[in-house]
$ cat input_24.txt   # compact mmCIF, C-alpha atoms
# COMPACT_ATOMS: atom_id res chain seq x y z
CA MET P 1 103.31 112.86 82.42
CA LYS P 2 100.69 110.68 80.69
CA ASN P 3 101.63 112.26 77.37
CA LYS P 4 105.27 111.39 77.99
CA VAL P 5 104.26 107.78 78.66
CA LEU P 6 102.25 107.65 75.43
CA ASP P 7 105.15 109.16 73.48
CA ARG P 8 107.46 106.41 74.76
CA LEU P 9 104.99 103.64 74.02
CA ALA P 10 104.39 105.02 70.52
CA LYS P 11 108.01 104.09 69.75
CA ILE P 12 107.26 100.37 70.21
CA PRO P 13 106.10 98.80 66.92
CA TYR P 14 103.30 96.26 66.94
CA GLY P 15 101.45 94.46 64.19
CA LYS P 16 101.53 95.21 60.49
CA GLY P 17 101.25 98.44 58.54
CA GLY P 18 103.70 100.42 60.63
CA GLN P 19 101.48 100.54 63.71
CA ASN P 20 102.68 100.90 67.29
CA LEU P 21 101.18 100.13 70.69
CA VAL P 22 99.41 103.48 70.88
CA SER P 23 98.08 103.69 67.31
CA ALA P 24 96.87 100.09 67.58
CA GLY P 25 94.69 101.11 70.53
CA MET P 26 96.35 98.69 72.95
CA ILE P 27 97.17 101.16 75.75
CA SER P 28 94.65 102.08 78.44
CA ASP P 29 94.27 102.93 82.14
CA ILE P 30 97.44 105.00 82.47
CA VAL P 31 97.84 105.90 86.13
CA VAL P 32 100.63 108.17 87.39
CA MET P 33 101.23 108.39 91.15
CA ASP P 34 104.30 110.28 92.33
CA ASN P 35 107.21 108.39 90.77
CA LYS P 36 105.14 105.33 89.78
CA VAL P 37 103.36 104.51 86.53
CA VAL P 38 100.76 101.79 85.93
CA PHE P 39 99.14 101.10 82.57
CA SER P 40 97.35 98.30 80.73
CA ILE P 41 98.20 96.66 77.41
CA THR P 42 95.36 94.81 75.72
CA VAL P 43 96.86 91.78 74.02
CA PRO P 44 95.49 88.90 71.94
CA GLU P 45 94.47 85.88 73.99
CA ASP P 46 96.87 83.68 71.99
CA GLY P 47 99.77 86.14 72.07
CA GLY P 48 102.30 83.54 73.22
CA GLN P 49 105.87 84.28 74.26
CA GLU P 50 106.08 87.56 72.32
CA ILE P 51 103.65 89.13 74.81
CA ASN P 52 106.16 88.70 77.64
CA GLU P 53 108.82 90.36 75.47
CA LEU P 54 106.37 93.18 74.68
CA GLN P 55 105.71 93.72 78.38
CA ALA P 56 109.42 93.90 79.16
CA THR P 57 110.02 96.33 76.29
CA ALA P 58 107.20 98.60 77.45
CA GLU P 59 108.49 98.61 81.04
CA ARG P 60 112.02 99.38 79.87
CA GLU P 61 110.90 102.19 77.56
CA VAL P 62 108.70 103.98 80.12
CA SER P 63 111.28 103.60 82.90
CA ARG P 64 113.59 105.86 80.85
CA ILE P 65 111.35 108.85 81.60
CA GLU P 66 113.04 111.15 84.08
CA GLY P 67 111.49 110.97 87.56
CA ILE P 68 109.92 107.52 87.08
CA ASP P 69 111.23 104.84 89.46
CA THR P 70 108.57 102.13 89.18
CA VAL P 71 106.71 100.89 86.10
CA LEU P 72 103.98 98.25 86.30
CA VAL P 73 102.42 96.86 83.13
CA VAL P 74 99.07 95.06 83.39
CA LEU P 75 98.36 92.67 80.50
CA THR P 76 94.66 92.25 79.75
CA ALA P 77 93.55 89.58 77.32
CA GLU P 78 91.28 90.45 74.41
CA LYS P 79 88.50 87.89 74.15
CA LYS P 80 86.32 88.84 71.20
CA ALA P 81 83.99 85.86 71.54
CA SER P 82 83.11 86.43 75.19
CA LYS P 83 80.28 88.98 74.69
CA PRO P 84 78.09 86.95 72.31
CA GLU P 85 78.41 83.92 74.57
CA GLN P 86 76.88 85.85 77.49
CA LYS P 87 73.56 86.56 75.79
CA GLU P 88 72.04 83.67 77.72
CA PRO P 89 71.74 84.03 81.51
CA PRO P 90 74.49 82.27 83.49
CA LYS P 91 73.51 78.83 84.76
CA LEU P 92 73.88 79.69 88.41
CA SER P 93 71.53 82.68 88.20
CA THR P 94 68.87 81.24 85.87
CA LYS P 95 65.31 81.19 87.24
CA PRO P 96 63.21 78.00 86.94
CA ASP P 97 61.21 77.58 83.72
CA ARG P 98 57.98 77.33 85.74
CA PRO P 99 57.11 79.40 88.81
CA VAL P 100 57.49 77.35 91.98
CA GLY P 101 56.69 80.12 94.47
CA PRO P 102 57.73 83.66 95.34
CA ASP P 103 61.37 84.64 94.81
CA MET P 104 62.65 85.18 98.36
CA ARG P 105 66.21 86.12 97.40
CA PRO P 106 67.39 89.58 98.51
CA THR P 107 67.19 92.20 95.80
CA PRO P 108 70.60 93.01 94.29
CA GLY P 109 71.66 96.62 94.25
CA ALA P 110 74.53 99.01 94.75
CA ILE P 111 75.76 99.82 98.25
CA PRO P 112 75.10 103.50 98.98
CA GLY P 113 78.31 105.53 98.89
CA VAL P 114 80.52 102.64 97.73
CA LYS P 115 82.05 103.11 94.28
CA ALA P 116 83.51 99.61 93.81
CA VAL P 117 83.35 96.26 95.62
CA LEU P 118 86.30 93.87 95.38
CA ALA P 119 86.05 90.20 96.40
CA VAL P 120 89.18 88.41 97.64
CA ALA P 121 88.49 84.69 97.50
CA SER P 122 89.98 81.20 97.50
CA GLY P 123 88.59 77.77 96.80
CA LYS P 124 89.75 76.47 100.18
CA GLY P 125 90.91 77.66 103.58
CA GLY P 126 94.45 77.88 104.90
CA VAL P 127 96.02 79.71 101.96
CA GLY P 128 96.42 83.07 103.71
CA LYS P 129 93.43 84.74 102.09
CA SER P 130 92.53 86.91 105.09
CA THR P 131 96.11 88.10 105.56
CA THR P 132 96.20 88.94 101.87
CA SER P 133 92.83 90.75 102.08
CA VAL P 134 94.01 92.90 104.98
CA ASN P 135 97.32 93.90 103.41
CA LEU P 136 95.71 94.43 100.00
CA ALA P 137 93.11 96.74 101.59
CA LEU P 138 95.88 98.66 103.36
CA GLY P 139 97.83 98.80 100.09
CA LEU P 140 94.82 100.39 98.41
CA ARG P 141 94.59 102.82 101.32
CA ALA P 142 98.25 103.72 100.80
CA LEU P 143 97.33 104.82 97.27
CA GLY P 144 95.07 107.47 98.76
CA LEU P 145 91.80 105.59 98.29
CA LYS P 146 88.97 105.48 100.83
CA VAL P 147 88.76 101.81 101.74
CA GLY P 148 86.44 99.53 103.71
CA LEU P 149 87.04 95.91 104.71
CA LEU P 150 84.24 93.40 105.35
CA ASP P 151 85.04 90.04 106.95
CA CYS P 152 82.56 87.69 105.23
CA ASP P 153 83.79 84.54 106.98
CA ILE P 154 80.93 84.04 109.44
CA TYR P 155 82.22 80.80 110.96
CA GLY P 156 85.88 81.75 111.25
CA PRO P 157 86.27 85.54 111.34
CA SER P 158 89.94 86.48 111.61
CA ILE P 159 89.96 90.14 110.57
CA PRO P 160 89.59 91.47 114.17
CA ARG P 161 92.78 89.67 115.24
CA LEU P 162 94.69 90.60 112.07
CA MET P 163 93.70 94.27 112.43
CA GLY P 164 94.23 94.41 116.19
CA ILE P 165 90.63 95.45 116.89
CA THR P 166 89.03 94.63 120.25
CA GLU P 167 86.18 97.17 120.48
CA ARG P 168 82.66 96.57 119.25
CA PRO P 169 80.90 98.69 116.63
CA GLU P 170 78.25 101.20 117.67
CA ILE P 171 74.65 101.14 116.44
CA VAL P 172 73.12 104.53 115.59
CA ASN P 173 69.55 104.82 114.26
CA HIS P 174 69.47 101.09 113.56
CA ARG P 175 72.64 101.37 111.45
CA ILE P 176 75.94 99.69 112.34
CA ILE P 177 78.92 102.03 112.48
CA PRO P 178 82.06 100.17 111.30
CA VAL P 179 85.22 100.27 113.38
CA GLU P 180 88.02 102.39 111.91
CA GLN P 181 91.57 101.08 112.12
CA TYR P 182 94.71 102.09 110.21
CA GLY P 183 92.64 104.47 108.09
CA ILE P 184 90.07 101.94 106.82
CA LYS P 185 86.53 101.05 107.92
CA VAL P 186 86.19 97.46 109.16
CA MET P 187 83.22 95.20 109.91
CA SER P 188 83.26 91.56 111.03
CA MET P 189 80.98 89.10 112.77
CA GLY P 190 83.96 88.63 115.09
CA PHE P 191 83.14 92.03 116.62
CA LEU P 192 79.79 90.71 117.83
CA MET P 193 80.85 87.43 119.44
CA ASP P 194 83.51 85.96 121.69
CA GLU P 195 86.66 84.99 119.80
CA GLU P 196 86.58 81.40 121.09
CA ALA P 197 82.82 80.87 120.84
CA PRO P 198 81.70 78.77 117.86
CA LEU P 199 78.92 80.15 115.70
CA ILE P 200 76.40 77.39 115.03
CA TRP P 201 74.18 78.70 112.25
CA ARG P 202 72.43 77.02 109.35
CA GLY P 203 72.80 78.25 105.79
CA PRO P 204 69.84 80.71 105.66
CA MET P 205 71.03 82.44 108.84
CA VAL P 206 74.53 82.80 107.41
CA THR P 207 73.36 84.43 104.19
CA SER P 208 70.98 86.69 106.11
CA GLY P 209 73.78 87.77 108.46
CA LEU P 210 76.10 88.45 105.53
CA MET P 211 73.60 90.65 103.74
CA GLN P 212 72.93 92.53 106.97
CA MET P 213 76.61 93.38 107.25
CA VAL P 214 76.59 94.53 103.64
CA ARG P 215 73.36 96.54 103.67
CA GLU P 216 72.94 97.71 107.28
CA VAL P 217 76.46 99.03 107.89
CA GLU P 218 77.02 102.76 107.50
CA TRP P 219 80.00 102.53 105.15
CA GLY P 220 79.86 106.15 104.10
CA ALA P 221 81.78 107.29 101.02
CA LEU P 222 84.23 104.59 99.92
CA ASP P 223 86.28 104.15 96.77
CA VAL P 224 86.67 100.41 97.40
CA LEU P 225 85.00 97.93 99.75
CA VAL P 226 87.15 94.79 100.06
CA LEU P 227 85.26 91.57 100.84
CA ASP P 228 87.31 88.90 102.60
CA MET P 229 85.23 86.02 101.23
CA PRO P 230 84.67 82.76 103.11
CA PRO P 231 86.56 79.78 101.68
CA GLY P 232 84.83 77.48 99.23
CA THR P 233 82.03 77.91 96.69
CA GLY P 234 78.88 77.37 98.76
CA ASP P 235 75.68 79.27 99.49
CA ALA P 236 77.35 82.24 101.20
CA GLN P 237 79.78 82.80 98.35
CA LEU P 238 77.07 82.50 95.72
CA THR P 239 74.77 84.93 97.55
CA LEU P 240 77.51 87.55 97.78
CA ALA P 241 78.51 87.07 94.13
CA GLN P 242 74.91 87.42 92.94
CA GLN P 243 73.54 90.07 95.29
CA VAL P 244 76.50 92.44 95.65
CA PRO P 245 77.61 94.42 92.57
CA LEU P 246 81.20 93.22 92.39
CA ALA P 247 83.66 95.27 90.33
CA GLY P 248 85.99 92.28 90.28
CA SER P 249 87.48 89.37 92.17
CA VAL P 250 90.97 88.31 93.15
CA ILE P 251 91.82 84.65 93.73
CA VAL P 252 94.42 83.71 96.36
CA SER P 253 96.18 80.34 96.21
CA THR P 254 99.36 78.63 97.31
CA PRO P 255 101.52 77.10 94.55
CA GLN P 256 100.72 73.47 95.37
CA ASP P 257 98.51 71.44 93.04
CA LEU P 258 95.89 70.66 95.72
CA ALA P 259 95.24 74.35 96.43
CA LEU P 260 95.19 75.19 92.72
CA ILE P 261 92.42 72.66 92.10
CA ASP P 262 90.19 74.49 94.58
CA ALA P 263 91.30 77.92 93.38
CA ARG P 264 90.19 76.91 89.89
CA LYS P 265 86.72 76.12 91.28
CA GLY P 266 86.47 79.54 92.90
CA LEU P 267 87.53 81.23 89.69
CA LYS P 268 84.94 79.35 87.64
CA MET P 269 82.22 80.22 90.14
CA PHE P 270 82.84 83.92 89.58
CA LYS P 271 82.90 83.41 85.82
CA ASN P 272 79.54 81.62 85.99
CA VAL P 273 77.94 84.64 87.67
CA ASP P 274 79.65 87.16 85.35
CA VAL P 275 82.04 88.65 87.93
CA PRO P 276 85.29 89.90 86.33
CA ILE P 277 88.40 87.99 87.40
CA LEU P 278 91.11 90.58 88.03
CA GLY P 279 93.82 87.99 88.62
CA ILE P 280 95.50 85.41 90.83
CA ILE P 281 97.88 85.98 93.75
CA GLU P 282 100.36 83.27 94.71
CA ASN P 283 100.70 83.29 98.50
CA MET P 284 103.41 81.44 100.47
CA SER P 285 105.30 81.40 97.19
CA THR P 286 108.71 80.56 98.66
CA PHE P 287 110.52 80.55 101.99
CA PHE P 288 113.89 82.00 102.95
CA CYS P 289 115.42 80.66 106.15
CA PRO P 290 115.96 83.56 108.59
CA HIS P 291 119.14 81.87 109.91
CA CYS P 292 121.01 80.64 106.86
CA GLY P 293 119.20 82.49 104.09
CA GLU P 294 118.63 79.29 102.10
CA ARG P 295 115.56 79.22 99.87
CA SER P 296 113.01 76.42 100.23
CA ASP P 297 109.89 76.04 98.10
CA ILE P 298 107.80 74.41 100.80
CA PHE P 299 104.54 74.52 98.86
CA GLY P 300 106.20 74.60 95.46
CA HIS P 301 106.77 77.76 93.44
CA GLY P 302 105.20 79.30 90.36
CA GLY P 303 102.15 77.04 90.31
CA ALA P 304 99.64 79.88 90.57
CA GLN P 305 101.45 81.85 87.89
CA ALA P 306 101.38 78.87 85.54
CA GLU P 307 97.69 78.31 86.34
CA ALA P 308 96.92 81.95 85.56
CA GLY P 309 98.47 81.48 82.14
CA LYS P 310 96.42 78.35 81.50
CA LEU P 311 93.17 80.03 82.53
CA GLY P 312 93.88 83.25 80.64
CA VAL P 313 93.79 85.54 83.69
CA LEU P 314 96.34 88.01 85.02
CA PHE P 315 99.00 86.93 87.51
CA LEU P 316 99.05 89.74 90.07
CA GLY P 317 102.13 88.76 92.04
CA ALA P 318 103.79 86.36 94.48
CA ILE P 319 104.00 86.79 98.25
CA PRO P 320 106.62 84.78 100.17
CA LEU P 321 106.17 82.70 103.30
CA HIS P 322 108.03 84.91 105.75
CA MET P 323 108.26 85.18 109.51
CA ASP P 324 107.70 88.94 109.49
CA ILE P 325 104.31 88.64 107.78
CA ARG P 326 103.17 86.06 110.33
CA HIS P 327 104.71 87.90 113.29
CA PHE P 328 103.08 91.26 112.55
CA SER P 329 99.76 89.60 111.67
CA ASP P 330 99.64 87.89 115.07
CA GLN P 331 100.34 91.25 116.72
CA GLY P 332 97.39 92.83 114.95
CA LYS P 333 99.62 95.16 112.98
CA PRO P 334 99.79 94.02 109.32
CA VAL P 335 103.15 94.23 107.59
CA VAL P 336 101.99 97.07 105.30
CA VAL P 337 101.47 99.16 108.46
CA ALA P 338 104.32 97.74 110.57
CA GLU P 339 107.00 98.08 107.87
CA PRO P 340 105.49 100.35 105.19
CA ASP P 341 108.83 100.70 103.37
CA GLY P 342 109.80 97.04 103.69
CA VAL P 343 110.07 94.55 100.84
CA HIS P 344 106.85 92.71 101.77
CA ALA P 345 104.82 95.90 102.04
CA LYS P 346 106.19 96.92 98.64
CA THR P 347 104.93 93.65 97.13
CA TYR P 348 101.43 94.14 98.54
CA LYS P 349 101.39 97.77 97.37
CA GLN P 350 102.42 96.77 93.86
CA ILE P 351 99.58 94.25 93.73
CA ALA P 352 97.22 96.93 95.07
CA MET P 353 98.31 99.30 92.29
CA LYS P 354 97.52 96.68 89.66
CA VAL P 355 94.13 95.94 91.22
CA ALA P 356 93.27 99.64 91.47
CA ALA P 357 94.23 100.18 87.83
CA LEU P 358 92.12 97.23 86.71
CA MET P 359 89.11 98.55 88.61
CA GLY P 360 89.73 102.08 87.37
CA GLU P 361 90.02 103.38 90.93
CA ALA P 362 93.56 104.76 90.81
CA ASP P 363 92.90 108.01 88.96
$ encode --input "input_24.txt" --output "C-alpha cells"
Amino acid sequence: MKNKVLDRLAKIPYGKGGQNLVSAGMISDIVVMDNKVVFSITVPEDGGQEINELQATAEREVSRIEGIDTVLVVLTAEKKASKPEQKEPPKLSTKPDRPVGPDMRPTPGAIPGVKAVLAVASGKGGVGKSTTSVNLALGLRALGLKVGLLDCDIYGPSIPRLMGITERPEIVNHRIIPVEQYGIKVMSMGFLMDEEAPLIWRGPMVTSGLMQMVREVEWGALDVLVLDMPPGTGDAQLTLAQQVPLAGSVIVSTPQDLALIDARKGLKMFKNVDVPILGIIENMSTFFCPHCGERSDIFGHGGAQAEAGKLGVLFLGAIPLHMDIRHFSDQGKPVVVAEPDGVHAKTYKQIAMKVAALMGEAD
C-alpha cells in the first residue's frame, strides 16, 4: 500500500526541473492503518498559500486509492538555519560560569521500557488540557499502541476523576504499580490523597514528587507515555522538560487571545530546552446549541490555528465545546471510550494519528 501512495504522490509536480513530491524528497513517515493513511510533507518555512493547495492536492490524489477512506497529511516545516543556532546550550539549561556548589538536579535519563514520552501542556489552566490529554492517550491506544498516562498536576490532579479511577496503586518491591483503566496505565498524585484535600507543598517537594512518579513507577513496556503537564511555565514544568527525555510536546489552547498569550509562553519554554513542538490543538473551538443547533463561537474560533501559522508549528486540529465531552468526562468515561465511533472520538483519534506519525510511533 505504501508503494501505491508513493506512486500517487509522484504524479504531483513540485519545484523546477520536472521534479515531483517524491523525487524532491518531501514525503516521509507514511503510515497505513486499515483504511487510513497518514504521511508527512516537508515544506519550506515560507511556502505561503501554495502549501495549503499542495496539501489538498496530496489528500485528493491519495484518497483515490481503492480501499482508502481517510487521508491525513502532516505538514512539517523545513528550517535549515535551526541546527547551527543550537550549537550553544539553551539559556534555561546553561550551567553557571563559576562553580557555586554541587549540582543537586536529578540526572536526566530514559525511562526503562518507555519508547517515547509526549508532553501535553498549556500556558494556563482552564483550557481543557487534562480532558485533551486523556482522550489523546486513548486515541493513541486505539491505534494499537501501548500507552501510559501520568498526571503531573500535583496541586490539582484531575485524571482520576476523568478516568473513573477510585482504587489506589499497589507498591511491590518499593516500586509503584500504575492503575490500568481502559487499556492504559495511569498514575496520579490524586490516587494517594483525598480528592478534596489540598496539597500544601513547596517547590522542591513538588519536583521531587514528580520525579518519583516518573522514575519509581513500574511502567513496563510502553510505546508512549503521555504527560498531562501542570499549567504554566514554572519549576515543575522546567524540571520535567529538562530531566525527562521528551519525544515532543503538544500545546492546548482555547481560541481567545488571552489563552493564546499564555500558550505562546509554554511553546517558547519547550523551544528553549530543545523539546520538539509537535503542534497546537484548539480546544473549545466552537459551540453548537443542543436545542436549536445554532453555532456560537463563545471563545472565538480559529485563533489557535492562526497562531500556529504565525509561530511556524503544525495545527493538529480543533475540538468543539460540546455537552457530550463534558458529560462523559464527569462520569469518568471519556468520549473516546463512551462513543468510540462518534464525531468527537473521531476528532481525537485523527489528532492522535498525526501525533503518532510525528513521533514515529505509528508503524
$ atom_distance --input "input_24.txt" --atom1 "CA of His322 in chain P" --atom2 "CA of Ile280 in chain P"
19.5 Å
$ residues_around --input "input_24.txt" --residues "Met359 in chain P" --least-positions-apart "3" --cutoff "7 Å" --atoms "all atoms listed in the file" --output "ChimeraX atom specification"
/P:247,355-356
$ closest_residue --input "input_24.txt" --among "P:Pro157, P:Gly139, P:Pro255, P:Gly17" --to "Tyr348 in chain P" --atoms "only C-alpha atoms"
P:Gly139
$ closest_residue --input "input_24.txt" --among "P:Met189, P:Ala142, P:Leu54, P:Ile154" --to "Met229 in chain P" --atoms "all atoms listed in the file"
P:Ile154
$ atom_distance --input "input_24.txt" --atom1 "CA of Val224 in chain P" --atom2 "CA of Val117 in chain P"
5.6 Å
$ residues_around --input "input_24.txt" --residues "Gln237 in chain P" --least-positions-apart "2" --cutoff "10 Å" --atoms "only C-alpha atoms" --output "ChimeraX atom specification"
/P:119,121,152-153,207,210,229-235,239-242,266,269-270
$ residues_around --input "input_24.txt" --residues "Ile319 in chain P" --least-positions-apart "6" --cutoff "9 Å" --atoms "only C-alpha atoms" --output "list in words"
Thr132, Ile281, Glu282, Asn283, Met284, Ser285, Thr286, His344, Thr347 and Tyr348 of chain P
$ write_last_selection --input "input_24.txt" --atoms "C-alpha atoms" --output "mmCIF file, in the coordinates of the input"
data_model
loop_
_atom_site.group_PDB
_atom_site.id
_atom_site.type_symbol
_atom_site.label_atom_id
_atom_site.label_comp_id
_atom_site.auth_asym_id
_atom_site.auth_seq_id
_atom_site.Cartn_x
_atom_site.Cartn_y
_atom_site.Cartn_z
ATOM 1 C CA THR P 132 96.200 88.940 101.870
ATOM 2 C CA ILE P 281 97.880 85.980 93.750
ATOM 3 C CA GLU P 282 100.360 83.270 94.710
ATOM 4 C CA ASN P 283 100.700 83.290 98.500
ATOM 5 C CA MET P 284 103.410 81.440 100.470
ATOM 6 C CA SER P 285 105.300 81.400 97.190
ATOM 7 C CA THR P 286 108.710 80.560 98.660
ATOM 8 C CA HIS P 344 106.850 92.710 101.770
ATOM 9 C CA THR P 347 104.930 93.650 97.130
ATOM 10 C CA TYR P 348 101.430 94.140 98.540
#
$ residues_near_point --input "input_24.txt" --point "(77.4, 98.7, 114.2)" --cutoff "12 Å" --atoms "only C-alpha atoms" --output "PyMOL selection string"
chain P and resi 167-180+185-189+191-192+212-219
$ atom_distance --input "input_24.txt" --atom1 "CA of Ser23 in chain P" --atom2 "CA of Ser63 in chain P"
20.4 Å
$ closest_residue --input "input_24.txt" --among "P:Val114, P:Met323, P:Val31, P:Leu6" --to "Val62 in chain P" --atoms "all atoms listed in the file"
P:Leu6
$ closest_residue --input "input_24.txt" --among "P:Gly67, P:Gln19, P:Ser158, P:Pro112" --to "Thr131 in chain P" --atoms "only C-alpha atoms"
P:Ser158
$ closest_residue --input "input_24.txt" --among "P:Met211, P:Leu227, P:Leu222, P:Ala306" --to "Asp151 in chain P" --atoms "all atoms listed in the file"
P:Leu227
$ closest_residue --input "input_24.txt" --among "P:Gln243, P:Asn135, P:Ser40, P:Ser130" --to "Val337 in chain P" --atoms "only C-alpha atoms"
P:Asn135
$ residues_around --input "input_24.txt" --residues "Val335 in chain P" --least-positions-apart "4" --cutoff "8 Å" --atoms "all atoms listed in the file" --output "PyMOL selection string"
chain P and resi 135+324-325+328-329+339-340+344-345
